[in-house]
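Asks: What follows is query_26.pdb, made up of PDB, C-alpha atoms, pLDDT in the B column:
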ATOM      1  CA  MET F   1     -21.887   6.203  11.090  1.00 56.00           C
ATOM      2  CA  SER F   2     -22.767   6.606   7.425  1.00 73.00           C
ATOM      3  CA  LEU F   3     -20.365   7.449   4.632  1.00 79.00           C
ATOM      4  CA  SER F   4     -20.476  10.633   2.583  1.00 86.00           C
ATOM      5  CA  SER F   5     -20.459  10.472  -1.207  1.00 89.00           C
ATOM      6  CA  LEU F   6     -16.719  11.204  -1.094  1.00 91.00           C
ATOM      7  CA  GLY F   7     -16.308   8.446   1.512  1.00 88.00           C
ATOM      8  CA  ILE F   8     -18.113   5.936  -0.689  1.00 91.00           C
ATOM      9  CA  PHE F   9     -16.029   6.906  -3.743  1.00 95.00           C
ATOM     10  CA  HIS F  10     -12.848   6.738  -1.628  1.00 94.00           C
ATOM     11  CA  THR F  11     -13.790   3.269  -0.360  1.00 93.00           C
ATOM     12  CA  VAL F  12     -14.617   1.839  -3.792  1.00 95.00           C
ATOM     13  CA  ILE F  13     -11.381   3.155  -5.326  1.00 97.00           C
ATOM     14  CA  GLY F  14      -9.433   1.995  -2.250  1.00 96.00           C
ATOM     15  CA  ILE F  15     -10.792  -1.533  -2.636  1.00 96.00           C
ATOM     16  CA  SER F  16      -9.640  -1.573  -6.260  1.00 97.00           C
ATOM     17  CA  ALA F  17      -6.155  -0.461  -5.119  1.00 98.00           C
ATOM     18  CA  ILE F  18      -6.043  -3.292  -2.587  1.00 97.00           C
ATOM     19  CA  MET F  19      -7.174  -5.787  -5.231  1.00 97.00           C
ATOM     20  CA  GLY F  20      -4.506  -4.537  -7.659  1.00 98.00           C
ATOM     21  CA  ALA F  21      -1.816  -4.984  -5.015  1.00 97.00           C
ATOM     22  CA  ILE F  22      -3.003  -8.442  -3.980  1.00 97.00           C
ATOM     23  CA  ILE F  23      -3.147  -9.616  -7.609  1.00 97.00           C
ATOM     24  CA  GLY F  24       0.370  -8.282  -8.126  1.00 96.00           C
ATOM     25  CA  PHE F  25       1.709  -9.987  -5.017  1.00 95.00           C
ATOM     26  CA  VAL F  26       0.117 -13.305  -6.019  1.00 95.00           C
ATOM     27  CA  LYS F  27       1.119 -13.228  -9.712  1.00 96.00           C
ATOM     28  CA  TYR F  28       4.507 -11.491  -9.543  1.00 94.00           C
ATOM     29  CA  GLY F  29       5.566 -11.455  -5.893  1.00 93.00           C
ATOM     30  CA  LYS F  30       5.451  -7.649  -5.976  1.00 95.00           C
ATOM     31  CA  ILE F  31       3.464  -4.688  -7.183  1.00 97.00           C
ATOM     32  CA  ASN F  32       4.688  -4.557 -10.762  1.00 96.00           C
ATOM     33  CA  LEU F  33       4.040  -1.159 -12.342  1.00 97.00           C
ATOM     34  CA  SER F  34       4.468  -2.571 -15.859  1.00 96.00           C
ATOM     35  CA  THR F  35       1.345  -4.727 -15.458  1.00 97.00           C
ATOM     36  CA  LEU F  36      -2.351  -3.876 -15.329  1.00 98.00           C
ATOM     37  CA  SER F  37      -2.587  -4.798 -11.639  1.00 98.00           C
ATOM     38  CA  GLY F  38       0.377  -2.524 -10.853  1.00 98.00           C
ATOM     39  CA  LYS F  39      -1.143   0.360 -12.799  1.00 98.00           C
ATOM     40  CA  VAL F  40      -4.475  -0.159 -11.048  1.00 98.00           C
ATOM     41  CA  TYR F  41      -2.650  -0.116  -7.699  1.00 98.00           C
ATOM     42  CA  PHE F  42      -0.706   3.037  -8.536  1.00 98.00           C
ATOM     43  CA  TYR F  43      -3.586   5.129  -9.886  1.00 98.00           C
ATOM     44  CA  ALA F  44      -6.207   3.871  -7.443  1.00 98.00           C
ATOM     45  CA  THR F  45      -3.837   4.459  -4.514  1.00 98.00           C
ATOM     46  CA  LEU F  46      -3.107   7.964  -5.769  1.00 98.00           C
ATOM     47  CA  VAL F  47      -6.832   8.764  -6.062  1.00 97.00           C
ATOM     48  CA  THR F  48      -7.606   7.126  -2.709  1.00 96.00           C
ATOM     49  CA  SER F  49      -4.852   9.073  -0.960  1.00 96.00           C
ATOM     50  CA  VAL F  50      -5.961  12.376  -2.487  1.00 95.00           C
ATOM     51  CA  THR F  51      -9.624  11.772  -1.607  1.00 94.00           C
ATOM     52  CA  ALA F  52      -8.604  10.825   1.947  1.00 92.00           C
ATOM     53  CA  LEU F  53      -7.441  14.409   2.382  1.00 91.00           C
ATOM     54  CA  GLY F  54     -11.067  15.500   2.073  1.00 88.00           C
ATOM     55  CA  ILE F  55     -12.324  13.030   4.680  1.00 86.00           C
ATOM     56  CA  SER F  56     -12.122  13.555   8.421  1.00 71.00           C
ATOM     57  CA  LYS F  57     -14.069  11.555  10.966  1.00 67.00           C
ATOM     58  CA  HIS F  58     -12.746  13.662  13.843  1.00 65.00           C
ATOM     59  CA  GLY F  59     -12.510  17.041  12.114  1.00 70.00           C
ATOM     60  CA  GLY F  60      -9.417  18.817  10.904  1.00 77.00           C
ATOM     61  CA  PHE F  61      -6.019  17.589   9.797  1.00 82.00           C
ATOM     62  CA  ASN F  62      -5.093  14.292  11.479  1.00 82.00           C
ATOM     63  CA  ALA F  63      -2.801  11.247  11.329  1.00 80.00           C
ATOM     64  CA  GLY F  64      -4.819   9.759   8.466  1.00 82.00           C
ATOM     65  CA  HIS F  65      -4.020  12.798   6.361  1.00 89.00           C
ATOM     66  CA  VAL F  66      -0.321  12.442   7.156  1.00 91.00           C
ATOM     67  CA  PHE F  67      -0.491   8.771   6.069  1.00 90.00           C
ATOM     68  CA  SER F  68      -2.147   9.837   2.812  1.00 94.00           C
ATOM     69  CA  LEU F  69       0.511  12.426   2.026  1.00 96.00           C
ATOM     70  CA  PHE F  70       3.315  10.006   2.877  1.00 97.00           C
ATOM     71  CA  ILE F  71       1.764   7.274   0.717  1.00 97.00           C
ATOM     72  CA  ILE F  72       1.561   9.718  -2.200  1.00 98.00           C
ATOM     73  CA  VAL F  73       5.270  10.491  -1.801  1.00 98.00           C
ATOM     74  CA  LEU F  74       6.141   6.772  -1.659  1.00 98.00           C
ATOM     75  CA  ILE F  75       4.242   5.798  -4.796  1.00 98.00           C
ATOM     76  CA  VAL F  76       5.399   8.838  -6.764  1.00 98.00           C
ATOM     77  CA  VAL F  77       9.040   8.107  -5.921  1.00 98.00           C
ATOM     78  CA  ALA F  78       8.516   4.432  -6.835  1.00 98.00           C
ATOM     79  CA  TYR F  79       6.933   5.481 -10.126  1.00 98.00           C
ATOM     80  CA  TYR F  80       9.871   7.807 -10.823  1.00 97.00           C
ATOM     81  CA  LEU F  81      12.322   4.964 -10.169  1.00 97.00           C
ATOM     82  CA  PHE F  82      10.283   2.654 -12.403  1.00 96.00           C
ATOM     83  CA  THR F  83      10.138   5.083 -15.336  1.00 95.00           C
ATOM     84  CA  LYS F  84      13.462   6.941 -15.119  1.00 92.00           C
ATOM     85  CA  LYS F  85      15.839   4.343 -13.689  1.00 89.00           C
ATOM     86  CA  LYS F  86      14.936   1.247 -15.695  1.00 83.00           C
ATOM     87  CA  GLU F  87      18.546   0.163 -16.187  1.00 84.00           C
ATOM     88  CA  SER F  88      19.523   0.266 -12.522  1.00 87.00           C
ATOM     89  CA  ARG F  89      19.428  -3.135 -10.837  1.00 87.00           C
ATOM     90  CA  ARG F  90      19.780  -1.557  -7.391  1.00 91.00           C
ATOM     91  CA  THR F  91      16.806   0.726  -7.994  1.00 94.00           C
ATOM     92  CA  ARG F  92      14.402  -2.245  -8.270  1.00 94.00           C
ATOM     93  CA  TYR F  93      14.992  -3.016  -4.569  1.00 95.00           C
ATOM     94  CA  PHE F  94      13.889   0.490  -3.600  1.00 96.00           C
ATOM     95  CA  GLU F  95      10.965   0.473  -6.019  1.00 96.00           C
ATOM     96  CA  ASN F  96       9.688  -2.846  -4.633  1.00 96.00           C
ATOM     97  CA  PHE F  97      10.119  -1.709  -1.039  1.00 97.00           C
ATOM     98  CA  LEU F  98       8.437   1.678  -1.554  1.00 98.00           C
ATOM     99  CA  LEU F  99       5.388   0.120  -3.203  1.00 98.00           C
ATOM    100  CA  SER F 100       5.081  -2.616  -0.564  1.00 98.00           C
ATOM    101  CA  PHE F 101       5.554  -0.098   2.238  1.00 98.00           C
ATOM    102  CA  SER F 102       2.887   2.162   0.730  1.00 98.00           C
ATOM    103  CA  PHE F 103       0.524  -0.820   0.654  1.00 98.00           C
ATOM    104  CA  PHE F 104       1.285  -1.682   4.285  1.00 97.00           C
ATOM    105  CA  LEU F 105       0.747   1.925   5.376  1.00 96.00           C
ATOM    106  CA  SER F 106      -2.539   2.129   3.499  1.00 95.00           C
ATOM    107  CA  LEU F 107      -3.765  -0.928   5.396  1.00 96.00           C
ATOM    108  CA  ILE F 108      -3.368   0.778   8.786  1.00 94.00           C
ATOM    109  CA  PRO F 109      -6.301   3.201   8.414  1.00 90.00           C
ATOM    110  CA  THR F 110      -8.143   0.587   6.338  1.00 93.00           C
ATOM    111  CA  VAL F 111      -8.033  -1.943   9.191  1.00 95.00           C
ATOM    112  CA  ASN F 112      -9.086   0.682  11.719  1.00 92.00           C
ATOM    113  CA  GLU F 113     -11.988   1.976   9.640  1.00 89.00           C
ATOM    114  CA  THR F 114     -13.171  -1.490   8.611  1.00 92.00           C
ATOM    115  CA  LEU F 115     -13.061  -3.083  12.060  1.00 95.00           C
ATOM    116  CA  THR F 116     -14.789  -0.106  13.711  1.00 92.00           C
ATOM    117  CA  ARG F 117     -17.607  -0.155  11.102  1.00 90.00           C
ATOM    118  CA  VAL F 118     -18.184  -3.806  10.135  1.00 91.00           C
ATOM    119  CA  PRO F 119     -20.535  -5.515  10.648  1.00 90.00           C
ATOM    120  CA  ILE F 120     -22.888  -2.555  10.567  1.00 87.00           C
ATOM    121  CA  GLY F 121     -24.582  -2.058  13.901  1.00 87.00           C
ATOM    122  CA  HIS F 122     -22.171  -4.312  15.798  1.00 92.00           C
ATOM    123  CA  PRO F 123     -18.589  -3.612  14.659  1.00 92.00           C
ATOM    124  CA  LEU F 124     -15.743  -5.957  15.589  1.00 93.00           C
ATOM    125  CA  ALA F 125     -13.841  -3.134  17.333  1.00 94.00           C
ATOM    126  CA  GLU F 126     -15.031  -0.242  19.466  1.00 91.00           C
ATOM    127  CA  ASP F 127     -12.205   2.139  18.661  1.00 89.00           C
ATOM    128  CA  ILE F 128      -8.551   2.287  17.606  1.00 89.00           C
ATOM    129  CA  LYS F 129      -7.446   0.997  21.025  1.00 92.00           C
ATOM    130  CA  ASP F 130      -9.332  -2.284  20.634  1.00 94.00           C
ATOM    131  CA  PRO F 131      -6.969  -5.301  20.820  1.00 96.00           C
ATOM    132  CA  ILE F 132      -8.304  -6.808  17.581  1.00 96.00           C
ATOM    133  CA  ILE F 133      -6.989  -3.800  15.663  1.00 96.00           C
ATOM    134  CA  GLY F 134      -3.547  -4.070  17.262  1.00 96.00           C
ATOM    135  CA  GLN F 135      -3.403  -7.819  16.651  1.00 97.00           C
ATOM    136  CA  THR F 136      -4.470  -7.434  13.032  1.00 97.00           C
ATOM    137  CA  LEU F 137      -1.857  -4.737  12.431  1.00 97.00           C
ATOM    138  CA  LEU F 138       0.814  -6.908  14.057  1.00 97.00           C
ATOM    139  CA  VAL F 139      -0.004  -9.764  11.663  1.00 97.00           C
ATOM    140  CA  LEU F 140       0.154  -7.340   8.727  1.00 97.00           C
ATOM    141  CA  LEU F 141       3.515  -5.999   9.946  1.00 97.00           C
ATOM    142  CA  ILE F 142       4.914  -9.525  10.113  1.00 98.00           C
ATOM    143  CA  LEU F 143       3.579 -10.258   6.604  1.00 96.00           C
ATOM    144  CA  PHE F 144       5.147  -7.024   5.361  1.00 97.00           C
ATOM    145  CA  ILE F 145       8.549  -7.929   6.833  1.00 97.00           C
ATOM    146  CA  VAL F 146       8.446 -11.501   5.492  1.00 97.00           C
ATOM    147  CA  GLY F 147       7.200 -10.270   2.119  1.00 95.00           C
ATOM    148  CA  SER F 148       9.941  -7.640   1.921  1.00 96.00           C
ATOM    149  CA  ILE F 149      12.593 -10.269   2.601  1.00 96.00           C
ATOM    150  CA  PHE F 150      11.038 -12.499  -0.073  1.00 95.00           C
ATOM    151  CA  GLN F 151      11.015  -9.626  -2.573  1.00 95.00           C
ATOM    152  CA  PHE F 152      14.641  -8.774  -1.784  1.00 95.00           C
ATOM    153  CA  MET F 153      15.731 -12.384  -2.367  1.00 94.00           C
ATOM    154  CA  LYS F 154      13.661 -12.675  -5.557  1.00 92.00           C
ATOM    155  CA  GLN F 155      15.037  -9.387  -6.911  1.00 92.00           C
ATOM    156  CA  LYS F 156      18.576 -10.488  -6.064  1.00 92.00           C
ATOM    157  CA  LYS F 157      18.023 -13.657  -8.110  1.00 91.00           C
ATOM    158  CA  ILE F 158      16.567 -11.664 -11.012  1.00 86.00           C
ATOM    159  CA  ASN F 159      19.501  -9.243 -10.912  1.00 86.00           C
ATOM    160  CA  SER F 160      22.055 -12.065 -10.942  1.00 87.00           C
ATOM    161  CA  GLU F 161      20.344 -13.706 -13.935  1.00 82.00           C
ATOM    162  CA  ILE F 162      20.263 -10.489 -15.951  1.00 66.00           C
ATOM    163  CA  TYR F 163      23.973  -9.734 -15.600  1.00 56.00           C
TER     164      TYR F 163
END
Let me see the structure of the file written as structure tokens.
Replies:
Amino acid sequence: MSLSSLGIFHTVIGISAIMGAIIGFVKYGKINLSTLSGKVYFYATLVTSVTALGISKHGGFNAGHVFSLFIIVLIVVAYYLFTKKKESRRTRYFENFLLSFSFFLSLIPTVNETLTRVPIGHPLAEDIKDPIIGQTLLVLLILFIVGSIFQFMKQKKINSEIY
């Protein structure tokens, strides 16, 4: 299955969002909206989620569209907390969680689409029910949980040092 022009644009921007998040996690332990990698994640995720609304492999409104809308809500709320609630120590926990959760959710369709398309001509998975997709998503869920705990502990330490 080939990609449309919108699909190609969506994929390229989506890859930049993933790279922004990964750089943020490695450098800061979170997606930090005050840094270039955090800004790349935010804007690229917003564009990727909006363009996903114009893509449908199976026709019509589907679960992928719901994910996109939910991800938009998560990152917009996180951005609001980042810009309007700078002084609130408690807000940083929610901001970190919302951004990490949006990243995790964006990986669900990404894993499905990637594993059912790559390598071209002989993809790793036949469809969404393939065990490799479920196993990959389970690993990502575990990483998300462990990462969220790490972020909570790190933010707690930061909060105690500030005040």
Asks: Starting from the displayed file, determine the output of the PyMOL selection byres ((chain F and resi 146-151) around 10) and express the residue list as a PyMOL selection string.
Replies: chain F and resi 25+28-30+92-93+96-97+100-101+140-145+152-157
Asks: Using the chain letters and numbers from this file, what does the PyMOL selection byres ((chain F and resi 103) around 10) select? Give the answer as a PyMOL selection string.
Replies: chain F and resi 17-18+21-22+31+41+45+71+74-75+97-102+104-108+144
Asks: Which residue out of F:Ser49, F:Thr116, F:Ser56, F:Thr83 has the minimum interatomic distance to Phe70 (chain F) when all atoms listed in the file are used?
Replies: F:Ser49
Asks: Take the PyMOL selection byres ((chain F and resi 53) around 9), apply it to the structure above, and return the hits as a VMD selection string.
Replies: chain F and resid 48 to 52 54 to 56 61 64 to 66 68 to 69
Asks: Provide the CA of Val77 (chain F) to CA of Gly24 (chain F) distance in Å, to one decimal place.
Replies: 18.7 Å
